[in-house]
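S.K.: This is entry.pdb, which holds PDB, C-alpha atoms, pLDDT in the B column:
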ATOM      1  CA  MET X  13      58.653 -56.433   0.739  1.00 62.00           C
ATOM      2  CA  ASN X  14      57.300 -54.985   3.860  1.00 83.00           C
ATOM      3  CA  ARG X  15      58.686 -51.633   2.835  1.00 85.00           C
ATOM      4  CA  ASN X  16      57.179 -51.904  -0.661  1.00 84.00           C
ATOM      5  CA  SER X  17      53.809 -52.793   0.810  1.00 86.00           C
ATOM      6  CA  PHE X  18      53.985 -49.771   3.040  1.00 85.00           C
ATOM      7  CA  ILE X  19      54.776 -47.496   0.058  1.00 87.00           C
ATOM      8  CA  VAL X  20      51.927 -48.968  -2.031  1.00 85.00           C
ATOM      9  CA  VAL X  21      49.435 -48.632   0.816  1.00 86.00           C
ATOM     10  CA  SER X  22      50.619 -45.080   1.507  1.00 87.00           C
ATOM     11  CA  LEU X  23      50.333 -44.214  -2.177  1.00 87.00           C
ATOM     12  CA  LEU X  24      46.823 -45.707  -2.350  1.00 87.00           C
ATOM     13  CA  LEU X  25      45.770 -43.759   0.767  1.00 87.00           C
ATOM     14  CA  PHE X  26      47.201 -40.589  -0.731  1.00 87.00           C
ATOM     15  CA  VAL X  27      45.339 -41.124  -4.028  1.00 86.00           C
ATOM     16  CA  ALA X  28      42.088 -42.002  -2.210  1.00 87.00           C
ATOM     17  CA  THR X  29      42.413 -38.960   0.036  1.00 88.00           C
ATOM     18  CA  SER X  30      43.063 -36.737  -2.979  1.00 86.00           C
ATOM     19  CA  ILE X  31      40.025 -38.104  -4.811  1.00 86.00           C
ATOM     20  CA  VAL X  32      37.786 -37.646  -1.762  1.00 84.00           C
ATOM     21  CA  SER X  33      39.129 -34.106  -1.296  1.00 85.00           C
ATOM     22  CA  VAL X  34      38.369 -33.203  -4.914  1.00 83.00           C
ATOM     23  CA  ILE X  35      34.839 -34.626  -4.598  1.00 86.00           C
ATOM     24  CA  PHE X  36      34.190 -32.720  -1.364  1.00 86.00           C
ATOM     25  CA  TYR X  37      35.664 -29.536  -2.864  1.00 87.00           C
ATOM     26  CA  GLU X  38      33.307 -29.807  -5.882  1.00 87.00           C
ATOM     27  CA  ASN X  39      30.332 -30.376  -3.555  1.00 87.00           C
ATOM     28  CA  TRP X  40      31.406 -27.418  -1.424  1.00 88.00           C
ATOM     29  CA  ASN X  41      31.593 -25.181  -4.538  1.00 87.00           C
ATOM     30  CA  GLU X  42      28.152 -26.315  -5.678  1.00 90.00           C
ATOM     31  CA  GLU X  43      26.706 -25.628  -2.241  1.00 91.00           C
ATOM     32  CA  LYS X  44      28.392 -22.230  -2.186  1.00 91.00           C
ATOM     33  CA  LYS X  45      26.824 -21.321  -5.573  1.00 92.00           C
ATOM     34  CA  HIS X  46      23.455 -22.629  -4.387  1.00 92.00           C
ATOM     35  CA  ARG X  47      23.742 -20.582  -1.175  1.00 93.00           C
ATOM     36  CA  MET X  48      24.509 -17.427  -3.198  1.00 94.00           C
ATOM     37  CA  ILE X  49      21.467 -18.047  -5.416  1.00 94.00           C
ATOM     38  CA  LEU X  50      19.275 -18.532  -2.352  1.00 93.00           C
ATOM     39  CA  GLN X  51      20.644 -15.365  -0.752  1.00 94.00           C
ATOM     40  CA  GLU X  52      19.803 -13.419  -3.926  1.00 94.00           C
ATOM     41  CA  GLU X  53      16.274 -14.867  -3.951  1.00 94.00           C
ATOM     42  CA  VAL X  54      15.821 -13.936  -0.282  1.00 94.00           C
ATOM     43  CA  LYS X  55      17.015 -10.395  -1.039  1.00 92.00           C
ATOM     44  CA  GLN X  56      14.530 -10.100  -3.918  1.00 89.00           C
ATOM     45  CA  LEU X  57      11.700 -11.386  -1.713  1.00 88.00           C
ATOM     46  CA  ARG X  58      12.614  -8.905   1.027  1.00 88.00           C
ATOM     47  CA  ASP X  59      12.618  -6.078  -1.523  1.00 80.00           C
ATOM     48  CA  ARG X  60       9.178  -7.159  -2.802  1.00 79.00           C
ATOM     49  CA  LEU X  61       7.879  -7.364   0.778  1.00 81.00           C
ATOM     50  CA  GLU X  62       9.187  -3.879   1.583  1.00 80.00           C
ATOM     51  CA  ALA X  63       7.645  -2.521  -1.625  1.00 72.00           C
ATOM     52  CA  SER X  64       4.348  -4.202  -0.777  1.00 75.00           C
ATOM     53  CA  GLU X  65       4.367  -2.778   2.760  1.00 77.00           C
ATOM     54  CA  SER X  66       5.184   0.654   1.369  1.00 75.00           C
ATOM     55  CA  ASN X  67       2.368   0.288  -1.162  1.00 73.00           C
ATOM     56  CA  ASN X  68      -0.025  -0.706   1.620  1.00 78.00           C
ATOM     57  CA  LYS X  69       0.852   2.428   3.573  1.00 82.00           C
ATOM     58  CA  LYS X  70       0.429   4.525   0.426  1.00 82.00           C
ATOM     59  CA  LEU X  71      -2.942   3.086  -0.453  1.00 81.00           C
ATOM     60  CA  VAL X  72      -4.293   3.633   3.065  1.00 87.00           C
ATOM     61  CA  GLN X  73      -2.913   7.178   2.981  1.00 89.00           C
ATOM     62  CA  HIS X  74      -4.535   7.856  -0.404  1.00 87.00           C
ATOM     63  CA  GLY X  75      -7.901   6.613   0.867  1.00 89.00           C
ATOM     64  CA  LYS X  76      -7.708   8.771   3.995  1.00 91.00           C
ATOM     65  CA  GLU X  77      -6.569  11.870   2.109  1.00 90.00           C
ATOM     66  CA  PHE X  78      -9.356  11.482  -0.449  1.00 91.00           C
ATOM     67  CA  ILE X  79     -12.012  11.431   2.286  1.00 91.00           C
ATOM     68  CA  GLU X  80     -10.348  14.309   4.145  1.00 91.00           C
ATOM     69  CA  ILE X  81     -10.292  16.444   0.997  1.00 88.00           C
ATOM     70  CA  MET X  82     -13.866  15.522   0.130  1.00 88.00           C
ATOM     71  CA  PHE X  83     -15.306  16.464   3.516  1.00 89.00           C
ATOM     72  CA  THR X  84     -13.000  19.270   4.640  1.00 87.00           C
ATOM     73  CA  TYR X  85     -14.393  22.678   3.784  1.00 83.00           C
ATOM     74  CA  ASP X  86     -14.004  26.233   4.945  1.00 77.00           C
ATOM     75  CA  SER X  87     -16.164  28.970   3.408  1.00 71.00           C
ATOM     76  CA  LYS X  88     -13.112  31.244   3.444  1.00 69.00           C
ATOM     77  CA  THR X  89     -10.916  28.852   1.423  1.00 66.00           C
ATOM     78  CA  ALA X  90     -13.476  26.833  -0.575  1.00 60.00           C
ATOM     79  CA  PRO X  91     -12.147  26.931  -4.168  1.00 66.00           C
ATOM     80  CA  GLY X  92     -10.061  24.057  -5.448  1.00 72.00           C
ATOM     81  CA  ILE X  93     -11.679  21.131  -3.632  1.00 75.00           C
ATOM     82  CA  GLN X  94     -13.128  19.538  -6.763  1.00 76.00           C
ATOM     83  CA  GLU X  95      -9.814  19.842  -8.636  1.00 79.00           C
ATOM     84  CA  LYS X  96      -7.924  18.171  -5.787  1.00 80.00           C
ATOM     85  CA  LEU X  97     -10.399  15.305  -5.805  1.00 83.00           C
ATOM     86  CA  LEU X  98     -10.270  14.905  -9.578  1.00 84.00           C
ATOM     87  CA  GLU X  99      -6.446  14.707  -9.470  1.00 81.00           C
ATOM     88  CA  ARG X 100      -6.754  11.521  -7.420  1.00 83.00           C
ATOM     89  CA  ALA X 101      -9.767   9.995  -9.153  1.00 84.00           C
ATOM     90  CA  SER X 102     -10.317   7.839 -12.221  1.00 85.00           C
ATOM     91  CA  GLY X 103     -13.078   5.677 -13.632  1.00 85.00           C
ATOM     92  CA  GLN X 104     -16.368   5.638 -11.732  1.00 88.00           C
ATOM     93  CA  ALA X 105     -15.016   7.929  -9.026  1.00 88.00           C
ATOM     94  CA  ARG X 106     -14.277  10.624 -11.616  1.00 85.00           C
ATOM     95  CA  ASP X 107     -17.765  10.172 -13.068  1.00 87.00           C
ATOM     96  CA  LYS X 108     -19.344  10.552  -9.627  1.00 87.00           C
ATOM     97  CA  LEU X 109     -17.308  13.666  -8.886  1.00 84.00           C
ATOM     98  CA  THR X 110     -18.127  15.380 -12.168  1.00 85.00           C
ATOM     99  CA  LYS X 111     -21.764  14.333 -12.630  1.00 82.00           C
ATOM    100  CA  SER X 112     -23.152  13.985  -9.139  1.00 56.00           C
ATOM    101  CA  GLU X 113     -24.149  16.589  -6.639  1.00 53.00           C
ATOM    102  CA  GLU X 114     -23.305  14.108  -3.891  1.00 49.00           C
ATOM    103  CA  VAL X 115     -19.841  15.613  -3.480  1.00 44.00           C
ATOM    104  CA  HIS X 116     -20.955  19.219  -3.457  1.00 46.00           C
ATOM    105  CA  HIS X 117     -21.778  19.200   0.229  1.00 49.00           C
ATOM    106  CA  THR X 118     -21.871  23.011   0.284  1.00 49.00           C
ATOM    107  CA  GLU X 119     -24.581  23.333  -2.353  1.00 52.00           C
ATOM    108  CA  GLY X 120     -27.566  25.277  -1.062  1.00 52.00           C
ATOM    109  CA  THR X 121     -25.577  26.933   1.699  1.00 49.00           C
ATOM    110  CA  GLU X 122     -24.991  30.213  -0.147  1.00 55.00           C
ATOM    111  CA  ASP X 123     -27.957  31.942   1.521  1.00 55.00           C
ATOM    112  CA  ILE X 124     -26.931  30.921   5.046  1.00 55.00           C
ATOM    113  CA  GLY X 125     -24.170  33.502   5.216  1.00 60.00           C
ATOM    114  CA  GLY X 126     -21.469  33.530   7.840  1.00 67.00           C
ATOM    115  CA  ASP X 127     -18.845  30.936   8.492  1.00 79.00           C
ATOM    116  CA  ILE X 128     -19.328  27.374   7.394  1.00 84.00           C
ATOM    117  CA  SER X 129     -16.676  24.758   7.908  1.00 86.00           C
ATOM    118  CA  SER X 130     -16.484  21.037   7.672  1.00 89.00           C
ATOM    119  CA  LYS X 131     -13.766  18.706   8.862  1.00 91.00           C
ATOM    120  CA  VAL X 132     -13.044  15.025   9.222  1.00 93.00           C
ATOM    121  CA  GLU X 133     -11.969  13.101  12.290  1.00 94.00           C
ATOM    122  CA  ILE X 134     -10.611   9.741  11.130  1.00 94.00           C
ATOM    123  CA  LEU X 135     -11.582   7.069  13.641  1.00 94.00           C
ATOM    124  CA  GLU X 136     -10.257   3.975  11.930  1.00 94.00           C
ATOM    125  CA  THR X 137      -8.835   2.904   8.608  1.00 92.00           C
ATOM    126  CA  TYR X 138      -8.213  -0.559   7.274  1.00 90.00           C
ATOM    127  CA  TYR X 139      -7.589  -2.076   3.898  1.00 89.00           C
ATOM    128  CA  ASN X 140      -8.148  -5.272   1.975  1.00 89.00           C
ATOM    129  CA  ARG X 141      -5.808  -6.043  -0.903  1.00 84.00           C
ATOM    130  CA  ILE X 142      -7.800  -7.593  -3.733  1.00 85.00           C
ATOM    131  CA  ASP X 143      -4.711  -8.251  -5.840  1.00 84.00           C
ATOM    132  CA  GLU X 144      -1.393  -6.548  -6.604  1.00 78.00           C
ATOM    133  CA  ASP X 145      -3.033  -3.658  -8.420  1.00 81.00           C
ATOM    134  CA  SER X 146      -6.288  -3.095  -6.532  1.00 87.00           C
ATOM    135  CA  ALA X 147      -7.463  -2.683  -2.982  1.00 89.00           C
ATOM    136  CA  LEU X 148     -10.401  -1.554  -0.878  1.00 93.00           C
ATOM    137  CA  VAL X 149      -9.779   0.958   1.886  1.00 93.00           C
ATOM    138  CA  THR X 150     -12.476   1.441   4.495  1.00 95.00           C
ATOM    139  CA  VAL X 151     -12.391   4.717   6.411  1.00 95.00           C
ATOM    140  CA  VAL X 152     -14.633   5.247   9.423  1.00 96.00           C
ATOM    141  CA  PHE X 153     -14.798   8.916  10.331  1.00 95.00           C
ATOM    142  CA  ASN X 154     -16.749  11.651  12.048  1.00 94.00           C
ATOM    143  CA  HIS X 155     -17.871  14.447   9.739  1.00 94.00           C
ATOM    144  CA  VAL X 156     -18.048  17.641  11.789  1.00 93.00           C
ATOM    145  CA  LEU X 157     -20.058  20.433  10.160  1.00 91.00           C
ATOM    146  CA  THR X 158     -19.893  23.838  11.824  1.00 89.00           C
ATOM    147  CA  VAL X 159     -22.280  26.645  10.881  1.00 88.00           C
ATOM    148  CA  GLU X 160     -21.965  29.940  12.745  1.00 85.00           C
ATOM    149  CA  GLY X 161     -20.091  28.202  15.551  1.00 84.00           C
ATOM    150  CA  VAL X 162     -22.653  25.393  16.026  1.00 90.00           C
ATOM    151  CA  ALA X 163     -21.144  21.989  15.290  1.00 89.00           C
ATOM    152  CA  THR X 164     -22.943  18.814  14.305  1.00 92.00           C
ATOM    153  CA  ARG X 165     -21.211  15.470  14.122  1.00 92.00           C
ATOM    154  CA  THR X 166     -22.171  12.459  12.042  1.00 93.00           C
ATOM    155  CA  LYS X 167     -20.391   9.133  11.917  1.00 95.00           C
ATOM    156  CA  ASN X 168     -19.725   7.832   8.400  1.00 95.00           C
ATOM    157  CA  GLU X 169     -18.052   4.953   6.650  1.00 95.00           C
ATOM    158  CA  ALA X 170     -16.417   5.298   3.266  1.00 95.00           C
ATOM    159  CA  VAL X 171     -15.302   2.390   1.128  1.00 95.00           C
ATOM    160  CA  VAL X 172     -12.715   3.560  -1.374  1.00 94.00           C
ATOM    161  CA  ASN X 173     -11.697   1.298  -4.261  1.00 94.00           C
ATOM    162  CA  LEU X 174      -8.113   2.013  -5.331  1.00 91.00           C
ATOM    163  CA  GLU X 175      -6.302   0.869  -8.462  1.00 89.00           C
ATOM    164  CA  HIS X 176      -2.515   0.909  -8.893  1.00 80.00           C
ATOM    165  CA  PHE X 177      -1.781   2.552 -12.214  1.00 76.00           C
ATOM    166  CA  GLU X 178       1.519   3.900 -13.572  1.00 76.00           C
ATOM    167  CA  GLY X 179       3.308   3.685 -10.241  1.00 74.00           C
ATOM    168  CA  ASP X 180       0.669   5.356  -8.082  1.00 78.00           C
ATOM    169  CA  TRP X 181      -2.693   4.596  -6.488  1.00 82.00           C
ATOM    170  CA  SER X 182      -5.783   6.314  -7.848  1.00 86.00           C
ATOM    171  CA  ILE X 183      -9.361   6.272  -6.623  1.00 91.00           C
ATOM    172  CA  GLU X 184     -11.396   4.071  -8.965  1.00 92.00           C
ATOM    173  CA  ASN X 185     -14.676   4.246  -7.047  1.00 93.00           C
ATOM    174  CA  PHE X 186     -16.019   5.224  -3.631  1.00 93.00           C
ATOM    175  CA  GLU X 187     -19.122   4.875  -1.545  1.00 94.00           C
ATOM    176  CA  VAL X 188     -19.941   6.892   1.556  1.00 93.00           C
ATOM    177  CA  LYS X 189     -22.706   5.982   3.972  1.00 94.00           C
ATOM    178  CA  GLN X 190     -23.769   7.450   7.240  1.00 92.00           C
ATOM    179  CA  LEU X 191     -23.630   5.143  10.245  1.00 89.00           C
ATOM    180  CA  LEU X 192     -26.233   5.282  12.948  1.00 77.00           C
TER     181      LEU X 192
END
Transcribe the structure of this file into C-alpha coordinates.
M.R.:
Amino acid sequence: MNRNSFIVVSLLLFVATSIVSVIFYENWNEEKKHRMILQEEVKQLRDRLEASESNNKKLVQHGKEFIEIMFTYDSKTAPGIQEKLLERASGQARDKLTKSEEVHHTEGTEDIGGDISSKVEILETYYNRIDEDSALVTVVFNHVLTVEGVATRTKNEAVVNLEHFEGDWSIENFEVKQLL
(Lines of atoms letter the chains of each structure in order from A and count residues from 1; the text may use other names and numbers.)
(Lines give C-alpha, C1' and ligand atoms only; values in the text may rest on other atoms or scores of the structure.)
Protein backbone atom coordinates (compact mmCIF):
# COMPACT_ATOMS: atom_id res chain seq x y z
CA MET A 1 0.00 0.00 0.00
CA ASN A 2 2.91 2.21 0.57
CA ARG A 3 3.75 1.95 -3.09
CA ASN A 4 0.16 2.75 -4.13
CA SER A 5 0.12 5.77 -1.86
CA PHE A 6 3.32 6.98 -3.42
CA ILE A 7 1.85 6.62 -6.94
CA VAL A 8 -1.37 8.44 -5.97
CA VAL A 9 0.53 11.27 -4.30
CA SER A 10 2.89 11.52 -7.28
CA LEU A 11 -0.06 11.55 -9.67
CA LEU A 12 -1.81 14.25 -7.62
CA LEU A 13 1.38 16.36 -7.55
CA PHE A 14 1.74 15.93 -11.30
CA VAL A 15 -1.88 16.99 -11.93
CA ALA A 16 -1.57 19.95 -9.53
CA THR A 17 1.69 21.04 -11.14
CA SER A 18 0.13 20.78 -14.60
CA ILE A 19 -2.88 22.85 -13.55
CA VAL A 20 -0.68 25.52 -11.95
CA SER A 21 1.52 25.58 -15.06
CA VAL A 22 -1.49 26.08 -17.34
CA ILE A 23 -2.80 28.89 -15.11
CA PHE A 24 0.59 30.63 -15.05
CA TYR A 25 0.98 30.16 -18.82
CA GLU A 26 -2.43 31.81 -19.42
CA ASN A 27 -1.49 34.70 -17.12
CA TRP A 28 1.86 35.05 -18.89
CA ASN A 29 0.09 35.21 -22.29
CA GLU A 30 -2.34 37.83 -21.02
CA GLU A 31 0.51 39.91 -19.63
CA LYS A 32 2.39 39.55 -22.90
CA LYS A 33 -0.65 40.82 -24.87
CA HIS A 34 -1.10 43.66 -22.38
CA ARG A 35 2.60 44.57 -22.68
CA MET A 36 2.31 44.67 -26.49
CA ILE A 37 -0.74 46.95 -26.25
CA LEU A 38 1.10 49.25 -23.86
CA GLN A 39 4.15 49.33 -26.14
CA GLU A 40 1.92 50.33 -29.07
CA GLU A 41 0.31 53.08 -26.98
CA VAL A 42 3.75 54.36 -25.94
CA LYS A 43 4.84 54.38 -29.59
CA GLN A 44 1.74 56.37 -30.58
CA LEU A 45 2.33 58.86 -27.75
CA ARG A 46 5.97 59.28 -28.80
CA ASP A 47 4.88 59.89 -32.39
CA ARG A 48 2.35 62.51 -31.22
CA LEU A 49 5.01 64.16 -29.05
CA GLU A 50 7.48 64.29 -31.95
CA ALA A 51 4.78 65.72 -34.23
CA SER A 52 3.90 68.31 -31.59
CA GLU A 53 7.56 69.30 -31.14
CA SER A 54 7.95 69.55 -34.90
CA ASN A 55 4.79 71.66 -35.09
CA ASN A 56 6.13 73.93 -32.35
CA LYS A 57 9.33 74.50 -34.31
CA LYS A 58 7.30 75.16 -37.46
CA LEU A 59 5.00 77.65 -35.82
CA VAL A 60 7.89 79.61 -34.30
CA GLN A 61 9.63 79.56 -37.68
CA HIS A 62 6.48 80.80 -39.44
CA GLY A 63 6.13 83.67 -36.96
CA LYS A 64 9.77 84.70 -37.37
CA GLU A 65 9.69 84.46 -41.17
CA PHE A 66 6.50 86.53 -41.35
CA ILE A 67 8.10 89.36 -39.37
CA GLU A 68 11.35 89.10 -41.35
CA ILE A 69 9.47 89.34 -44.65
CA MET A 70 7.32 92.20 -43.39
CA PHE A 71 10.23 94.35 -42.24
CA THR A 72 12.99 93.36 -44.67
CA TYR A 73 13.21 95.72 -47.61
CA ASP A 74 15.75 96.77 -50.18
CA SER A 75 14.88 99.50 -52.69
CA LYS A 76 16.69 97.48 -55.35
CA THR A 77 14.61 94.32 -54.81
CA ALA A 78 11.33 95.69 -53.41
CA PRO A 79 8.62 93.98 -55.50
CA GLY A 80 6.96 90.85 -54.18
CA ILE A 81 6.91 91.59 -50.45
CA GLN A 82 3.13 91.92 -50.21
CA GLU A 83 2.57 88.69 -52.17
CA LYS A 84 4.93 86.77 -49.88
CA LEU A 85 3.06 88.05 -46.85
CA LEU A 86 -0.35 87.25 -48.31
CA GLU A 87 0.76 83.65 -49.03
CA ARG A 88 1.19 83.12 -45.30
CA ALA A 89 -1.79 85.13 -44.07
CA SER A 90 -5.48 84.44 -43.55
CA GLY A 91 -8.36 86.03 -41.69
CA GLN A 92 -7.67 89.34 -39.96
CA ALA A 93 -4.01 89.28 -40.96
CA ARG A 94 -4.98 89.16 -44.65
CA ASP A 95 -7.43 92.02 -44.08
CA LYS A 96 -4.73 94.12 -42.40
CA LEU A 97 -2.26 93.43 -45.20
CA THR A 98 -4.67 94.31 -47.99
CA LYS A 99 -6.53 97.24 -46.42
CA SER A 100 -4.03 98.91 -44.14
CA GLU A 101 -1.10 101.11 -44.93
CA GLU A 102 0.55 99.86 -41.75
CA VAL A 103 2.50 97.24 -43.68
CA HIS A 104 3.64 99.53 -46.46
CA HIS A 105 6.60 100.82 -44.51
CA THR A 106 8.14 102.25 -47.69
CA GLU A 107 5.20 104.49 -48.53
CA GLY A 108 6.24 108.12 -48.84
CA THR A 109 9.87 107.26 -49.44
CA GLU A 110 9.74 107.59 -53.23
CA ASP A 111 11.03 111.19 -53.18
CA ILE A 112 13.99 110.39 -50.91
CA GLY A 113 15.96 108.76 -53.70
CA GLY A 114 19.03 106.65 -53.16
CA ASP A 115 19.32 103.41 -51.31
CA ILE A 116 16.81 102.45 -48.68
CA SER A 117 16.97 99.16 -46.88
CA SER A 118 15.34 97.64 -43.88
CA LYS A 119 16.23 94.49 -42.02
CA VAL A 120 15.28 92.58 -38.91
CA GLU A 121 17.49 91.36 -36.10
CA ILE A 122 15.54 88.76 -34.13
CA LEU A 123 16.38 89.09 -30.45
CA GLU A 124 14.04 86.53 -28.95
CA THR A 125 11.12 84.36 -29.96
CA TYR A 126 8.76 82.38 -27.80
CA TYR A 127 5.40 80.78 -28.25
CA ASN A 128 2.29 79.90 -26.30
CA ARG A 129 0.14 77.05 -27.58
CA ILE A 130 -3.51 77.94 -27.10
CA ASP A 131 -4.72 74.54 -28.29
CA GLU A 132 -3.76 71.96 -30.92
CA ASP A 133 -4.66 74.22 -33.81
CA SER A 134 -3.72 77.71 -32.60
CA ALA A 135 -0.80 79.45 -30.99
CA LEU A 136 0.64 82.87 -30.24
CA VAL A 137 4.22 83.58 -31.23
CA THR A 138 5.91 86.62 -29.75
CA VAL A 139 8.91 87.96 -31.65
CA VAL A 140 11.10 90.66 -30.13
CA PHE A 141 13.31 92.23 -32.77
CA ASN A 142 15.34 95.24 -33.80
CA HIS A 143 14.11 96.92 -36.98
CA VAL A 144 17.12 98.50 -38.68
CA LEU A 145 16.24 101.10 -41.32
CA THR A 146 19.09 102.38 -43.47
CA VAL A 147 18.70 105.44 -45.70
CA GLU A 148 21.73 106.57 -47.70
CA GLY A 149 24.02 104.63 -45.37
CA VAL A 150 22.58 106.09 -42.13
CA ALA A 151 21.02 103.40 -39.96
CA THR A 152 18.38 103.81 -37.29
CA ARG A 153 17.38 101.01 -34.97
CA THR A 154 14.10 100.54 -33.15
CA LYS A 155 13.17 97.71 -30.83
CA ASN A 156 9.78 96.13 -31.54
CA GLU A 157 7.59 93.32 -30.34
CA ALA A 158 5.25 91.44 -32.62
CA VAL A 159 2.55 89.08 -31.43
CA VAL A 160 1.58 86.73 -34.24
CA ASN A 161 -1.55 84.58 -33.92
CA LEU A 162 -1.17 81.36 -35.92
CA GLU A 163 -3.83 78.83 -36.86
CA HIS A 164 -3.10 75.27 -38.04
CA PHE A 165 -5.13 74.69 -41.17
CA GLU A 166 -4.83 71.91 -43.76
CA GLY A 167 -1.50 70.66 -42.46
CA ASP A 168 0.29 74.00 -42.21
CA TRP A 169 0.41 77.08 -39.99
CA SER A 170 -0.98 80.34 -41.32
CA ILE A 171 -0.95 83.81 -39.83
CA GLU A 172 -4.45 84.59 -38.56
CA ASN A 173 -3.65 87.96 -37.00
CA PHE A 174 -0.67 90.04 -35.89
CA GLU A 175 0.11 93.10 -33.85
CA VAL A 176 3.38 95.01 -33.90
CA LYS A 177 4.33 97.60 -31.32
CA GLN A 178 7.46 99.57 -30.76
CA LEU A 179 9.20 99.07 -27.43
CA LEU A 180 10.86 101.92 -25.64
S.K.: List the residues sitting within 8 Å of (-18.4, 25.1, 8.4) in the file's frame, using all atoms listed in the file, as JSON, numbers by chain.
M.R.: {"X": [85, 86, 87, 127, 128, 129, 130, 131, 157, 158, 159, 160, 161]}
S.K.: Could you write out as a list in words the residues that the PyMOL selection byres ((chain X and resi 175) around 8) matches in the shown file?
M.R.: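 With the shown file as input, the PyMOL selection byres ((chain X and resi 175) around 8) matches Asp145, Ser146, Ala147, Asn173, Leu174, His176, Phe177, Trp181, Ser182, Ile183 and Glu184 of chain X.
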S.K.: Could you save the residues just selected, with C-alpha atoms, as a JSON list (two decimals), keeping the file's coordinate frame?
M.R.:
[["chain", "number", "residue", "atom", "x", "y", "z"],
["X", 145, "ASP", "CA", -3.03, -3.66, -8.42],
["X", 146, "SER", "CA", -6.29, -3.10, -6.53],
["X", 147, "ALA", "CA", -7.46, -2.68, -2.98],
["X", 173, "ASN", "CA", -11.70, 1.30, -4.26],
["X", 174, "LEU", "CA", -8.11, 2.01, -5.33],
["X", 176, "HIS", "CA", -2.52, 0.91, -8.89],
["X", 177, "PHE", "CA", -1.78, 2.55, -12.21],
["X", 181, "TRP", "CA", -2.69, 4.60, -6.49],
["X", 182, "SER", "CA", -5.78, 6.31, -7.85],
["X", 183, "ILE", "CA", -9.36, 6.27, -6.62],
["X", 184, "GLU", "CA", -11.40, 4.07, -8.96]]
S.K.: Out of X:Glu178, X:Glu144, X:Glu95, X:Glu169, which residue has the shortest atom-to-atom distance to X:Ala63 when counting all atoms listed in the file?
M.R.: X:Glu144
S.K.: Looking at X:Thr166, X:Asn39, X:Ser22, X:Thr150, which one is nearest to X:Glu133, with distances taken over only C-alpha atoms?
M.R.: X:Thr166
S.K.: Have a look at X:Lys45, X:Asn68, X:Ile19, X:Asn154 and name the one nearest to X:Tyr139; count only C-alpha atoms.
M.R.: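 Looking at the shortest contact to X:Tyr139, the residue is X:Asn68.
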S.K.: Give the answer as one residue: which of X:Leu191, X:Leu148, X:Glu136, X:Asn185 has the shortest atom-to-atom distance to X:Leu97, using all atoms listed in the file?
M.R.: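 Among X:Leu191, X:Leu148, X:Glu136, X:Asn185, it is X:Asn185 that comes nearest to X:Leu97.
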S.K.: Atom CA of X:Thr110 and atom CA of X:Val156 are how many Å apart?
M.R.: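 Interatomic distance, atom CA of X:Thr110 to atom CA of X:Val156: 24.1 Å.
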S.K.: Please compute the atom CA of X:Val32-atom CA of X:His46 distance, one decimal, in Å.
M.R.: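 The value is 20.9 Å.
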S.K.: Work out how far apart atom CA of X:Lys189 and atom CA of X:Glu77 are and give it in Å to one decimal.
M.R.: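 About the pair atom CA of X:Lys189 and atom CA of X:Glu77: they are 17.3 Å apart.
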S.K.: Selected by the PyMOL selection byres ((chain X and resi 134) around 9) in the shown coordinates: which residues, as a PyMOL selection string?
M.R.: chain X and resi 76+80+132-133+135-137+151-155
S.K.: Which one of X:Gly179, X:Gly75, X:Gly103, X:Gly92 sits closest to X:Asn140 if you count all atoms listed in the file?
M.R.: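 Looking at the shortest contact to X:Asn140, the residue is X:Gly75.
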